[in-house]
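data07.txt follows; it contains compact mmCIF, C-alpha atoms and all ligand atoms.
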```
# COMPACT_ATOMS: atom_id res chain seq x y z
CA MET A 157 14.03 -39.68 5.82
CA SER A 158 14.11 -36.59 8.04
CA VAL A 159 11.04 -35.52 10.01
CA PRO A 160 8.75 -33.32 7.85
CA ALA A 161 8.69 -29.63 8.76
CA LEU A 162 4.90 -29.87 8.50
CA GLN A 163 2.53 -32.80 8.54
CA VAL A 164 -1.18 -32.10 8.11
CA ASP A 165 -3.29 -35.26 8.46
CA ASN A 166 -6.92 -35.42 7.49
CA VAL A 167 -7.69 -31.92 8.78
CA SER A 168 -11.26 -30.64 8.63
CA LYS A 169 -12.55 -27.37 10.04
CA ASP A 170 -16.11 -26.13 10.50
CA PHE A 171 -17.28 -22.79 11.86
CA GLY A 172 -20.76 -23.72 13.03
CA ARG A 173 -22.57 -24.61 9.82
CA ILE A 174 -19.82 -23.17 7.58
CA ILE A 175 -17.45 -25.74 6.17
CA ALA A 176 -13.93 -24.28 5.82
CA LEU A 177 -11.75 -27.36 5.21
CA ARG A 178 -12.42 -31.01 4.46
CA SER A 179 -9.91 -33.87 4.85
CA VAL A 180 -6.79 -31.86 4.04
CA ASN A 181 -3.50 -33.78 3.86
CA LEU A 182 -0.22 -31.99 3.32
CA SER A 183 3.36 -32.95 4.08
CA VAL A 184 6.14 -30.39 3.62
CA ASN A 185 9.82 -31.25 3.83
CA PRO A 186 12.39 -29.01 5.50
CA GLY A 187 13.60 -26.40 3.00
CA GLU A 188 10.59 -26.64 0.71
CA PHE A 189 8.75 -23.54 -0.53
CA VAL A 190 5.05 -24.22 -1.02
CA SER A 191 2.47 -21.78 -2.39
CA ILE A 192 -1.16 -22.27 -1.44
CA LEU A 193 -3.57 -20.99 -4.08
CA GLY A 194 -7.33 -20.65 -4.12
CA ARG A 195 -10.22 -18.23 -4.37
CA ASN A 196 -11.47 -15.92 -1.63
CA GLY A 197 -13.01 -18.10 1.05
CA ALA A 198 -11.29 -21.28 -0.14
CA GLY A 199 -9.79 -21.95 3.32
CA LYS A 200 -6.17 -20.78 2.91
CA THR A 201 -6.05 -18.56 6.01
CA THR A 202 -7.95 -21.16 8.02
CA LEU A 203 -5.31 -23.74 7.10
CA LEU A 204 -2.43 -21.41 8.06
CA ASN A 205 -4.15 -20.61 11.38
CA ILE A 206 -4.44 -24.31 12.13
CA ILE A 207 -0.80 -24.89 11.17
CA SER A 208 0.38 -22.06 13.44
CA GLY A 209 -1.73 -23.34 16.34
CA VAL A 210 -3.95 -20.22 16.48
CA SER A 211 -6.96 -22.36 15.57
CA ARG A 212 -7.68 -26.02 16.37
CA PRO A 213 -8.88 -28.39 13.65
CA SER A 214 -12.40 -29.83 14.07
CA GLU A 215 -10.90 -33.15 12.98
CA GLY A 216 -7.44 -34.41 12.12
CA SER A 217 -4.01 -33.41 13.35
CA VAL A 218 -1.01 -31.19 12.60
CA LEU A 219 2.63 -31.77 13.51
CA LEU A 220 5.41 -29.17 13.20
CA PHE A 221 8.82 -30.81 13.14
CA GLY A 222 7.17 -33.92 14.60
CA THR A 223 5.48 -32.20 17.56
CA ASP A 224 2.25 -30.34 18.39
CA PRO A 225 2.11 -26.74 16.99
CA SER A 226 1.54 -25.40 20.52
CA ASP A 227 4.77 -26.99 21.86
CA HIS A 228 7.13 -24.43 23.36
CA ASP A 229 10.01 -25.34 21.03
CA ASN A 230 7.83 -24.66 18.00
CA LYS A 231 7.21 -21.05 19.06
CA ALA A 232 10.88 -20.26 18.42
CA LYS A 233 10.88 -22.15 15.12
CA LEU A 234 7.83 -20.44 13.67
CA ALA A 235 7.08 -17.03 12.18
CA VAL A 236 3.74 -15.82 10.88
CA ILE A 237 3.12 -12.86 8.61
CA SER A 238 -0.58 -12.14 8.23
CA HIS A 239 -2.95 -9.18 8.32
CA GLU A 240 -2.43 -9.14 12.10
CA MET A 241 0.63 -6.97 12.59
CA PHE A 242 1.57 -7.86 16.19
CA LEU A 243 3.22 -4.44 16.58
CA TYR A 244 2.79 -1.67 19.16
CA GLY A 245 1.97 1.74 17.67
CA ASN A 246 3.14 3.62 20.76
CA LEU A 247 6.65 2.16 20.45
CA THR A 248 9.36 2.85 17.86
CA ALA A 249 10.50 0.20 15.39
CA VAL A 250 13.59 -0.47 17.49
CA GLU A 251 11.53 -0.73 20.69
CA ASN A 252 9.12 -3.17 19.04
CA LEU A 253 11.99 -5.34 17.86
CA GLU A 254 13.71 -5.14 21.26
CA TYR A 255 10.49 -6.38 22.82
CA TYR A 256 10.40 -9.40 20.47
CA ALA A 257 14.14 -10.00 20.89
CA LYS A 258 13.50 -10.38 24.65
CA ILE A 259 10.64 -12.80 24.09
CA TYR A 260 12.86 -14.92 21.85
CA GLU A 261 15.82 -14.48 24.21
CA LEU A 262 18.12 -13.44 21.37
CA ALA A 263 21.75 -13.22 22.41
CA ASP A 264 22.80 -10.85 19.62
CA ALA A 265 19.70 -8.63 19.74
CA THR A 266 21.26 -5.27 18.82
CA GLN A 267 22.99 -6.67 15.76
CA ARG A 268 19.97 -8.71 14.62
CA ILE A 269 17.71 -5.66 14.97
CA GLN A 270 20.08 -3.63 12.80
CA GLU A 271 20.20 -6.43 10.22
CA VAL A 272 16.45 -6.89 9.87
CA LEU A 273 15.77 -3.13 9.78
CA ASN A 274 18.34 -2.90 7.01
CA ASP A 275 16.73 -5.88 5.20
CA VAL A 276 13.37 -4.10 5.06
CA GLU A 277 14.89 -0.65 4.44
CA LEU A 278 13.55 1.00 7.57
CA THR A 279 16.83 2.01 9.22
CA HIS A 280 16.16 5.71 8.55
CA ARG A 281 12.79 5.50 10.39
CA ARG A 282 13.89 3.22 13.23
CA PHE A 283 13.35 5.79 16.01
CA ASP A 284 9.87 6.86 14.83
CA LEU A 285 6.69 5.63 16.50
CA VAL A 286 5.06 2.83 14.53
CA SER A 287 1.74 4.71 14.73
CA THR A 288 3.29 7.28 12.35
CA TYR A 289 4.18 4.65 9.73
CA SER A 290 2.39 4.21 6.42
CA ARG A 291 0.64 0.89 5.78
CA GLY A 292 3.46 -0.44 3.60
CA MET A 293 6.08 0.60 6.17
CA THR A 294 4.13 -1.19 8.89
CA GLN A 295 3.99 -4.30 6.71
CA ARG A 296 7.76 -4.08 6.19
CA LEU A 297 8.29 -3.87 9.95
CA THR A 298 6.03 -6.91 10.36
CA ILE A 299 8.36 -8.77 8.01
CA ALA A 300 11.39 -7.62 10.05
CA ARG A 301 9.67 -8.77 13.25
CA ALA A 302 8.95 -12.17 11.71
CA LEU A 303 12.54 -12.72 10.51
CA LEU A 304 14.18 -11.47 13.72
CA HIS A 305 14.61 -14.85 15.42
CA GLN A 306 15.59 -16.70 12.24
CA PRO A 307 12.61 -19.07 12.23
CA ALA A 308 12.87 -22.47 10.56
CA LEU A 309 9.28 -22.29 9.28
CA LEU A 310 7.71 -19.18 7.77
CA LEU A 311 3.95 -18.94 7.26
CA LEU A 312 3.05 -16.02 5.01
CA ASP A 313 -0.58 -15.11 4.41
CA GLU A 314 -0.69 -12.74 1.41
CA PRO A 315 2.46 -10.92 2.56
CA PHE A 316 2.60 -8.70 -0.55
CA THR A 317 -0.66 -6.92 0.32
CA GLY A 318 -0.09 -3.18 0.70
CA LEU A 319 3.49 -3.21 -0.61
CA ASP A 320 4.60 -1.01 -3.53
CA GLN A 321 6.52 -2.48 -6.49
CA HIS A 322 9.89 -1.75 -4.91
CA ALA A 323 8.91 -3.36 -1.60
CA ILE A 324 7.45 -6.39 -3.43
CA GLY A 325 10.84 -6.87 -5.11
CA MET A 326 12.54 -6.48 -1.72
CA LEU A 327 10.31 -9.14 -0.13
CA ILE A 328 10.81 -11.51 -3.08
CA SER A 329 14.59 -11.31 -2.71
CA LEU A 330 14.32 -11.66 1.08
CA LEU A 331 12.27 -14.82 0.61
CA LYS A 332 14.79 -16.15 -1.90
CA SER A 333 17.59 -15.69 0.63
CA GLN A 334 15.46 -17.32 3.34
CA LYS A 335 15.05 -20.28 1.00
CA GLU A 336 18.82 -20.41 0.42
CA LEU A 337 19.29 -20.51 4.19
CA GLY A 338 17.21 -23.69 4.21
CA ARG A 339 14.04 -22.26 5.74
CA THR A 340 10.71 -23.93 5.05
CA ILE A 341 8.23 -21.43 3.60
CA ILE A 342 4.47 -21.67 3.10
CA LEU A 343 2.86 -18.78 1.27
CA THR A 344 -0.68 -17.92 0.29
CA THR A 345 -1.04 -15.55 -2.62
CA HIS A 346 -3.42 -14.58 -5.40
CA ASP A 347 -0.43 -13.76 -7.63
CA LEU A 348 0.34 -16.81 -9.75
CA HIS A 349 3.39 -15.10 -11.25
CA THR A 350 5.04 -14.60 -7.84
CA ALA A 351 4.09 -18.13 -6.78
CA GLN A 352 5.76 -19.40 -9.93
CA GLU A 353 8.92 -17.40 -9.32
CA LEU A 354 9.35 -18.50 -5.70
CA SER A 355 7.89 -21.94 -5.10
CA ASP A 356 9.04 -25.53 -5.38
CA ARG A 357 5.47 -26.74 -5.04
CA TYR A 358 1.94 -25.39 -5.39
CA VAL A 359 -1.23 -26.54 -3.77
CA VAL A 360 -4.68 -25.49 -4.99
CA ILE A 361 -7.60 -25.48 -2.54
CA ALA A 362 -11.14 -25.57 -3.90
CA LYS A 363 -14.40 -26.81 -2.40
CA HIS A 364 -12.58 -26.97 0.97
CA ARG A 365 -10.13 -29.61 -0.28
CA ILE A 366 -6.69 -29.79 -1.85
CA VAL A 367 -7.53 -30.47 -5.48
CA LYS A 368 -4.01 -30.13 -6.90
CA ASP A 369 -0.52 -30.63 -5.47
CA GLY A 370 2.05 -29.95 -8.17
CA VAL A 371 5.77 -29.43 -8.76
CA MET A 372 6.43 -25.88 -9.94
CA ALA A 373 9.54 -26.69 -11.99
CA GLU A 374 7.44 -29.08 -14.08
CA THR A 375 4.67 -26.53 -14.64
CA SER A 376 4.85 -23.72 -17.20
CA PRO A 377 3.08 -20.41 -16.41
CA ASP A 378 0.36 -21.25 -18.97
CA VAL A 379 -0.21 -24.70 -17.50
CA LEU A 380 -0.30 -23.25 -13.96
CA ARG A 381 -2.93 -20.71 -15.01
CA SER A 382 -5.11 -23.25 -16.78
CA GLU A 383 -4.76 -25.81 -13.98
CA PHE A 384 -5.58 -23.15 -11.41
CA PHE A 385 -8.68 -21.92 -13.20
CA SER A 386 -9.96 -25.40 -14.01
CA ALA A 387 -9.35 -26.47 -10.38
CA ILE A 388 -11.26 -23.57 -8.86
CA GLY A 389 -13.97 -23.81 -11.53
CA GLY A 390 -16.85 -21.35 -11.60
CA GLU A 391 -17.97 -22.04 -8.08
CA ASP A 392 -17.84 -19.40 -5.40
CA ASP A 393 -16.40 -20.59 -2.08
CA SER A 394 -16.88 -17.37 -0.20
N1 LIG E 401 -13.92 -17.09 12.42
C1 LIG E 401 -14.73 -17.52 11.46
N2 LIG E 401 -16.04 -17.68 11.71
C2 LIG E 401 -16.89 -18.15 10.74
N3 LIG E 401 -16.49 -18.49 9.51
C3 LIG E 401 -15.19 -18.36 9.21
C4 LIG E 401 -14.24 -17.86 10.16
N4 LIG E 401 -13.01 -17.84 9.56
C5 LIG E 401 -13.21 -18.28 8.30
N5 LIG E 401 -14.50 -18.59 8.09
C6 LIG E 401 -15.08 -19.14 6.84
O1 LIG E 401 -14.25 -20.20 6.41
C7 LIG E 401 -14.13 -20.18 4.98
C8 LIG E 401 -12.65 -20.07 4.63
O2 LIG E 401 -12.16 -18.77 4.98
P1 LIG E 401 -10.63 -18.35 4.85
O3 LIG E 401 -10.45 -17.05 5.53
O4 LIG E 401 -9.79 -19.49 5.30
O5 LIG E 401 -10.47 -18.19 3.26
P2 LIG E 401 -9.21 -17.72 2.41
O6 LIG E 401 -8.93 -18.80 1.42
O7 LIG E 401 -8.12 -17.28 3.29
O8 LIG E 401 -9.84 -16.48 1.60
P3 LIG E 401 -9.15 -15.07 1.15
O9 LIG E 401 -8.50 -15.33 -0.19
O10 LIG E 401 -10.35 -14.17 1.00
O11 LIG E 401 -8.21 -14.61 2.20
C9 LIG E 401 -14.98 -19.01 4.50
O12 LIG E 401 -16.26 -19.51 4.12
C10 LIG E 401 -15.09 -18.13 5.72
O13 LIG E 401 -16.30 -17.39 5.71
MG MG E 402 -7.17 -15.49 3.60
```

Can you give me the file's structure in the form of structure tokens?
Ligand SMILES: Nc1ncnc2c1ncn2[C@@H]1O[C@H](COP(=O)(O)OP(=O)(O)OP(=O)(O)O)[C@@H](O)[C@H]1O
Ligand SMILES: [Mg+2]
Amino acid sequence: MSVPALQVDNVSKDFGRIIALRSVNLSVNPGEFVSILGRNGAGKTTLLNIISGVSRPSEGSVLLFGTDPSDHDNKAKLAVISHEMFLYGNLTAVENLEYYAKIYELADATQRIQEVLNDVELTHRRFDLVSTYSRGMTQRLTIARALLHQPALLLLDEPFTGLDQHAIGMLISLLKSQKELGRTIILTTHDLHTAQELSDRYVVIAKHRIVKDGVMAETSPDVLRSEFFSAIGGEDDS
């Protein structure tokens, strides 16, 4: 067996008196696409923050490719798309990407920058300041920034937020090609239909725990819906 891309062991997280996660176990193989589902406040973002090393678990441990998330090698293997854009408004798209290309020490920076700008359909606006971008355009540039260094593991926290129908389709096909390239992808979304279209596996979080870990190919849309709603129940986690 190869080393898992992600190994979450018995992770719990509290914020003072607020319980966010309880005894979460999750192992993801290289190349797998996993969707994490759950209501507002279920703990999805908290789990992604712990996986990316932004937040430490109160208990338990996380390994990325067999090592600690904060290990230097993991920085180059990981990309995060979340509500935090990590972009500079006073720089152009190209300047932002050049900045990240330096951080990741990319050899073929100019070509990669052209490729990712093309992927997110921002080539025509590449010399404009990011502060002049619309919300959806900024989100598209965030996606370009995340894909720039060809990360092995992609963590996507509601990446479709703010995108129009065309851009949603663009991101779906980008994610499909990332999957074909063998990337490991973990996505949180409230859109069961998109989760169904993209994922190999789905995980439902409710009451701070993983209450369902299922194989998407074995689950019809109707079954996914009914499993999701019975798993989250009537309770409010937020
Ligand atoms: N920095 C923080 N300080 C205090 N409580 C927090 C903090 N971050 C998250 N929480 C709490 O942890 C719980 C899980 O929040 P989290 O953001 O992980 O939910 P989520 O599943 O991502 O929800 P959403 O679908 O709304 O994005 C919530 O009760 C939330 O209030
Ligand atoms: Mg969240």

The residue from A:Val159, A:Ala387, A:Ala257, A:Ala351 with the smallest atom-to-atom distance to Leu303 in chain A, counting all atoms listed in the file, is A:Ala257

What is the CA of Asp275 in chain A to CA of Leu327 in chain A distance in Å?
9.0 Å

Residues within 7 Å of range 220-229 of chain A, please, as number ranges by chain. Count all atoms listed in the file; anything in the same chain fewer than 4 positions from it doesn't count.
A: 159-163, 207-209, 233

Residues of chain A that have any atom at most 12 Å from an atom of ligand MG 402 (chain E): could you tabulate them with the shortest-distance atom pair and the distance in Å to one decimal, using all atoms listed in the file, ordered by chain and increasing number, as JSON lines?
```
{"residue": "A:Ala176", "atom": "CA", "partner": "E:MG402", "partner_atom": "MG", "distance": 11.3}
{"residue": "A:Ile192", "atom": "CA", "partner": "E:MG402", "partner_atom": "MG", "distance": 10.4}
{"residue": "A:Leu193", "atom": "CA", "partner": "E:MG402", "partner_atom": "MG", "distance": 10.1}
{"residue": "A:Gly194", "atom": "CA", "partner": "E:MG402", "partner_atom": "MG", "distance": 9.3}
{"residue": "A:Arg195", "atom": "CA", "partner": "E:MG402", "partner_atom": "MG", "distance": 9.0}
{"residue": "A:Asn196", "atom": "CA", "partner": "E:MG402", "partner_atom": "MG", "distance": 6.8}
{"residue": "A:Gly197", "atom": "CA", "partner": "E:MG402", "partner_atom": "MG", "distance": 6.9}
{"residue": "A:Ala198", "atom": "CA", "partner": "E:MG402", "partner_atom": "MG", "distance": 8.0}
{"residue": "A:Gly199", "atom": "CA", "partner": "E:MG402", "partner_atom": "MG", "distance": 7.0}
{"residue": "A:Lys200", "atom": "CA", "partner": "E:MG402", "partner_atom": "MG", "distance": 5.4}
{"residue": "A:Thr201", "atom": "CA", "partner": "E:MG402", "partner_atom": "MG", "distance": 4.1}
{"residue": "A:Thr202", "atom": "CA", "partner": "E:MG402", "partner_atom": "MG", "distance": 7.2}
{"residue": "A:Leu203", "atom": "CA", "partner": "E:MG402", "partner_atom": "MG", "distance": 9.2}
{"residue": "A:Leu204", "atom": "CA", "partner": "E:MG402", "partner_atom": "MG", "distance": 8.8}
{"residue": "A:Asn205", "atom": "CA", "partner": "E:MG402", "partner_atom": "MG", "distance": 9.8}
{"residue": "A:Ile237", "atom": "CA", "partner": "E:MG402", "partner_atom": "MG", "distance": 11.7}
{"residue": "A:Ser238", "atom": "CA", "partner": "E:MG402", "partner_atom": "MG", "distance": 8.7}
{"residue": "A:His239", "atom": "CA", "partner": "E:MG402", "partner_atom": "MG", "distance": 8.9}
{"residue": "A:Glu240", "atom": "CA", "partner": "E:MG402", "partner_atom": "MG", "distance": 11.6}
{"residue": "A:Leu312", "atom": "CA", "partner": "E:MG402", "partner_atom": "MG", "distance": 10.3}
{"residue": "A:Asp313", "atom": "CA", "partner": "E:MG402", "partner_atom": "MG", "distance": 6.7}
{"residue": "A:Glu314", "atom": "CA", "partner": "E:MG402", "partner_atom": "MG", "distance": 7.4}
{"residue": "A:Pro315", "atom": "CA", "partner": "E:MG402", "partner_atom": "MG", "distance": 10.7}
{"residue": "A:Thr317", "atom": "CA", "partner": "E:MG402", "partner_atom": "MG", "distance": 11.3}
{"residue": "A:Leu343", "atom": "CA", "partner": "E:MG402", "partner_atom": "MG", "distance": 10.8}
{"residue": "A:Thr344", "atom": "CA", "partner": "E:MG402", "partner_atom": "MG", "distance": 7.7}
{"residue": "A:Thr345", "atom": "CA", "partner": "E:MG402", "partner_atom": "MG", "distance": 8.7}
{"residue": "A:His346", "atom": "CA", "partner": "E:MG402", "partner_atom": "MG", "distance": 9.8}
{"residue": "A:Ile361", "atom": "CA", "partner": "E:MG402", "partner_atom": "MG", "distance": 11.7}
{"residue": "A:Asp393", "atom": "CA", "partner": "E:MG402", "partner_atom": "MG", "distance": 12.0}
{"residue": "A:Ser394", "atom": "CA", "partner": "E:MG402", "partner_atom": "MG", "distance": 10.6}
```

Would you kindly identify which residues have an atom no farther than 9 Å from (4.2, -18.7, -10.8), using all atoms listed in the file and the file's own coordinates, and write them out as a PyMOL selection string?
chain A and resi 347-355+358+372+375-377+380-381

Please, what distance in Å, to one decimal, runs between atom C2 of ligand LIG 401 (chain E) and CA of Arg365 in chain A?
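These atoms are spaced 17.3 Å apart.
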
Rank A:Ser158, A:Ser217, A:Ala373, A:Pro186 by their smallest atom-to-atom distance to Arg339 in chain A, using only C-alpha atoms, and report the top residue only.
A:Pro186

Using only C-alpha atoms, which of A:Met293, A:Val184, A:Val276, A:Val359 sits nearest Ile328 in chain A?
A:Val276

The residue from A:Ala263, A:Val272, A:Ile388, A:Val379 with the smallest atom-to-atom distance to ligand LIG 401 (chain E), counting all atoms listed in the file, is A:Ile388

Residues near Glu271 in chain A, cut-off 12 Å, all atoms listed in the file, skip fewer than 3 positions along chain, as a PyMOL selection string
chain A and resi 250+253+264-268+274-279+282+300-301+303-306

What does the distance between atom O4 of ligand LIG 401 (chain E) and CA of Ala308 in chain A come to in Å, to one decimal place?
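Rounded to one decimal, the two atoms are 23.5 Å apart.
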
Calculate, to one decimal in Å, the centre and edge lengths of the box along x, y and z of the file that holds all listed atoms of ligand LIG 401 (chain E) with 8 Å of margin on each side, and present them as lines of an AutoDock Vina configuration file.
```
center_x = -12.5
center_y = -17.2
center_z = 6.1
size_x = 24.8
size_y = 22.0
size_z = 28.6
```

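Closest approach to Phe189 in chain A among A:Arg291, A:Lys335, A:His322, A:His280 is made by A:Lys335 (distances from only C-alpha atoms).
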
Range 254-353 of chain A written out with C-alpha atoms as a PDB file, in the first residue's frame:
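Wrote it out as result_17.pdb, contents follow:
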```pdb
ATOM      1  CA  GLU A 254       4.933  36.047 -10.370  1.00  0.00           C
ATOM      2  CA  TYR A 255       5.141  36.602  -6.629  1.00  0.00           C
ATOM      3  CA  TYR A 256       3.801  33.086  -5.929  1.00  0.00           C
ATOM      4  CA  ALA A 257       5.961  31.573  -8.674  1.00  0.00           C
ATOM      5  CA  LYS A 258       9.017  32.945  -6.804  1.00  0.00           C
ATOM      6  CA  ILE A 259       7.838  31.523  -3.498  1.00  0.00           C
ATOM      7  CA  TYR A 260       7.395  28.108  -5.104  1.00  0.00           C
ATOM      8  CA  GLU A 261      10.652  28.514  -7.057  1.00  0.00           C
ATOM      9  CA  LEU A 262       8.970  27.556 -10.330  1.00  0.00           C
ATOM     10  CA  ALA A 263      11.428  27.036 -13.160  1.00  0.00           C
ATOM     11  CA  ASP A 264       8.922  27.639 -15.963  1.00  0.00           C
ATOM     12  CA  ALA A 265       7.122  30.566 -14.304  1.00  0.00           C
ATOM     13  CA  THR A 266       6.212  32.612 -17.406  1.00  0.00           C
ATOM     14  CA  GLN A 267       4.675  29.645 -19.177  1.00  0.00           C
ATOM     15  CA  ARG A 268       2.836  28.366 -16.084  1.00  0.00           C
ATOM     16  CA  ILE A 269       1.407  31.845 -15.439  1.00  0.00           C
ATOM     17  CA  GLN A 270       0.103  31.994 -19.006  1.00  0.00           C
ATOM     18  CA  GLU A 271      -1.401  28.513 -18.656  1.00  0.00           C
ATOM     19  CA  VAL A 272      -3.261  29.144 -15.408  1.00  0.00           C
ATOM     20  CA  LEU A 273      -4.537  32.556 -16.545  1.00  0.00           C
ATOM     21  CA  ASN A 274      -5.839  30.852 -19.659  1.00  0.00           C
ATOM     22  CA  ASP A 275      -7.405  28.062 -17.545  1.00  0.00           C
ATOM     23  CA  VAL A 276      -9.455  30.586 -15.557  1.00  0.00           C
ATOM     24  CA  GLU A 277     -10.134  32.839 -18.562  1.00  0.00           C
ATOM     25  CA  LEU A 278      -8.419  35.932 -17.207  1.00  0.00           C
ATOM     26  CA  THR A 279      -5.779  36.440 -19.904  1.00  0.00           C
ATOM     27  CA  HIS A 280      -7.538  39.571 -21.199  1.00  0.00           C
ATOM     28  CA  ARG A 281      -7.396  41.176 -17.708  1.00  0.00           C
ATOM     29  CA  ARG A 282      -3.915  39.998 -16.731  1.00  0.00           C
ATOM     30  CA  PHE A 283      -2.370  43.489 -16.564  1.00  0.00           C
ATOM     31  CA  ASP A 284      -5.193  45.027 -14.492  1.00  0.00           C
ATOM     32  CA  LEU A 285      -4.868  45.625 -10.751  1.00  0.00           C
ATOM     33  CA  VAL A 286      -6.630  42.927  -8.748  1.00  0.00           C
ATOM     34  CA  SER A 287      -8.386  45.659  -6.728  1.00  0.00           C
ATOM     35  CA  THR A 288     -10.356  46.444  -9.912  1.00  0.00           C
ATOM     36  CA  TYR A 289     -11.593  42.854 -10.301  1.00  0.00           C
ATOM     37  CA  SER A 290     -15.148  41.713  -9.622  1.00  0.00           C
ATOM     38  CA  ARG A 291     -15.682  39.140  -6.873  1.00  0.00           C
ATOM     39  CA  GLY A 292     -15.993  36.248  -9.318  1.00  0.00           C
ATOM     40  CA  MET A 293     -12.860  37.350 -11.191  1.00  0.00           C
ATOM     41  CA  THR A 294     -10.954  37.495  -7.908  1.00  0.00           C
ATOM     42  CA  GLN A 295     -12.150  33.989  -7.078  1.00  0.00           C
ATOM     43  CA  ARG A 296     -10.972  32.800 -10.508  1.00  0.00           C
ATOM     44  CA  LEU A 297      -7.541  34.313  -9.875  1.00  0.00           C
ATOM     45  CA  THR A 298      -7.469  32.560  -6.495  1.00  0.00           C
ATOM     46  CA  ILE A 299      -8.014  29.294  -8.352  1.00  0.00           C
ATOM     47  CA  ALA A 300      -5.185  30.150 -10.783  1.00  0.00           C
ATOM     48  CA  ARG A 301      -2.912  30.974  -7.835  1.00  0.00           C
ATOM     49  CA  ALA A 302      -3.747  27.647  -6.189  1.00  0.00           C
ATOM     50  CA  LEU A 303      -3.055  25.580  -9.324  1.00  0.00           C
ATOM     51  CA  LEU A 304       0.144  27.433 -10.275  1.00  0.00           C
ATOM     52  CA  HIS A 305       2.610  25.060  -8.595  1.00  0.00           C
ATOM     53  CA  GLN A 306       0.745  21.884  -9.581  1.00  0.00           C
ATOM     54  CA  PRO A 307      -0.020  20.774  -6.025  1.00  0.00           C
ATOM     55  CA  ALA A 308      -0.536  17.090  -5.241  1.00  0.00           C
ATOM     56  CA  LEU A 309      -3.284  17.858  -2.700  1.00  0.00           C
ATOM     57  CA  LEU A 310      -6.027  20.422  -3.234  1.00  0.00           C
ATOM     58  CA  LEU A 311      -8.200  21.597  -0.342  1.00  0.00           C
ATOM     59  CA  LEU A 312     -11.232  23.494  -1.591  1.00  0.00           C
ATOM     60  CA  ASP A 313     -13.589  25.172   0.872  1.00  0.00           C
ATOM     61  CA  GLU A 314     -16.788  26.048  -1.025  1.00  0.00           C
ATOM     62  CA  PRO A 315     -14.834  27.100  -4.122  1.00  0.00           C
ATOM     63  CA  PHE A 316     -17.978  27.726  -6.196  1.00  0.00           C
ATOM     64  CA  THR A 317     -19.105  30.625  -3.987  1.00  0.00           C
ATOM     65  CA  GLY A 318     -19.422  33.821  -6.016  1.00  0.00           C
ATOM     66  CA  LEU A 319     -18.956  32.165  -9.415  1.00  0.00           C
ATOM     67  CA  ASP A 320     -21.507  32.552 -12.232  1.00  0.00           C
ATOM     68  CA  GLN A 321     -22.853  29.502 -14.105  1.00  0.00           C
ATOM     69  CA  HIS A 322     -20.170  29.715 -16.766  1.00  0.00           C
ATOM     70  CA  ALA A 323     -17.358  29.952 -14.205  1.00  0.00           C
ATOM     71  CA  ILE A 324     -18.867  27.067 -12.189  1.00  0.00           C
ATOM     72  CA  GLY A 325     -18.688  24.922 -15.343  1.00  0.00           C
ATOM     73  CA  MET A 326     -15.103  26.080 -15.897  1.00  0.00           C
ATOM     74  CA  LEU A 327     -14.087  25.111 -12.348  1.00  0.00           C
ATOM     75  CA  ILE A 328     -15.844  21.741 -12.619  1.00  0.00           C
ATOM     76  CA  SER A 329     -13.890  20.890 -15.770  1.00  0.00           C
ATOM     77  CA  LEU A 330     -10.652  22.182 -14.216  1.00  0.00           C
ATOM     78  CA  LEU A 331     -11.220  19.906 -11.225  1.00  0.00           C
ATOM     79  CA  LYS A 332     -11.944  16.973 -13.522  1.00  0.00           C
ATOM     80  CA  SER A 333      -8.629  17.510 -15.300  1.00  0.00           C
ATOM     81  CA  GLN A 334      -6.843  17.850 -11.946  1.00  0.00           C
ATOM     82  CA  LYS A 335      -8.340  14.482 -11.004  1.00  0.00           C
ATOM     83  CA  GLU A 336      -7.135  12.970 -14.294  1.00  0.00           C
ATOM     84  CA  LEU A 337      -3.646  14.241 -13.478  1.00  0.00           C
ATOM     85  CA  GLY A 338      -3.793  12.154 -10.304  1.00  0.00           C
ATOM     86  CA  ARG A 339      -4.225  14.989  -7.809  1.00  0.00           C
ATOM     87  CA  THR A 340      -5.901  14.309  -4.483  1.00  0.00           C
ATOM     88  CA  ILE A 341      -8.852  16.652  -3.959  1.00  0.00           C
ATOM     89  CA  ILE A 342     -10.903  17.414  -0.849  1.00  0.00           C
ATOM     90  CA  LEU A 343     -13.887  19.685  -1.355  1.00  0.00           C
ATOM     91  CA  THR A 344     -16.517  21.139   0.933  1.00  0.00           C
ATOM     92  CA  THR A 345     -19.756  22.124  -0.722  1.00  0.00           C
ATOM     93  CA  HIS A 346     -23.447  22.597  -0.022  1.00  0.00           C
ATOM     94  CA  ASP A 347     -24.237  21.486  -3.585  1.00  0.00           C
ATOM     95  CA  LEU A 348     -24.993  17.765  -3.531  1.00  0.00           C
ATOM     96  CA  HIS A 349     -25.342  17.688  -7.317  1.00  0.00           C
ATOM     97  CA  THR A 350     -21.779  18.968  -7.869  1.00  0.00           C
ATOM     98  CA  ALA A 351     -20.448  16.651  -5.169  1.00  0.00           C
ATOM     99  CA  GLN A 352     -22.122  13.771  -6.975  1.00  0.00           C
ATOM    100  CA  GLU A 353     -20.662  14.756 -10.337  1.00  0.00           C
TER     101      GLU A 353
END
```
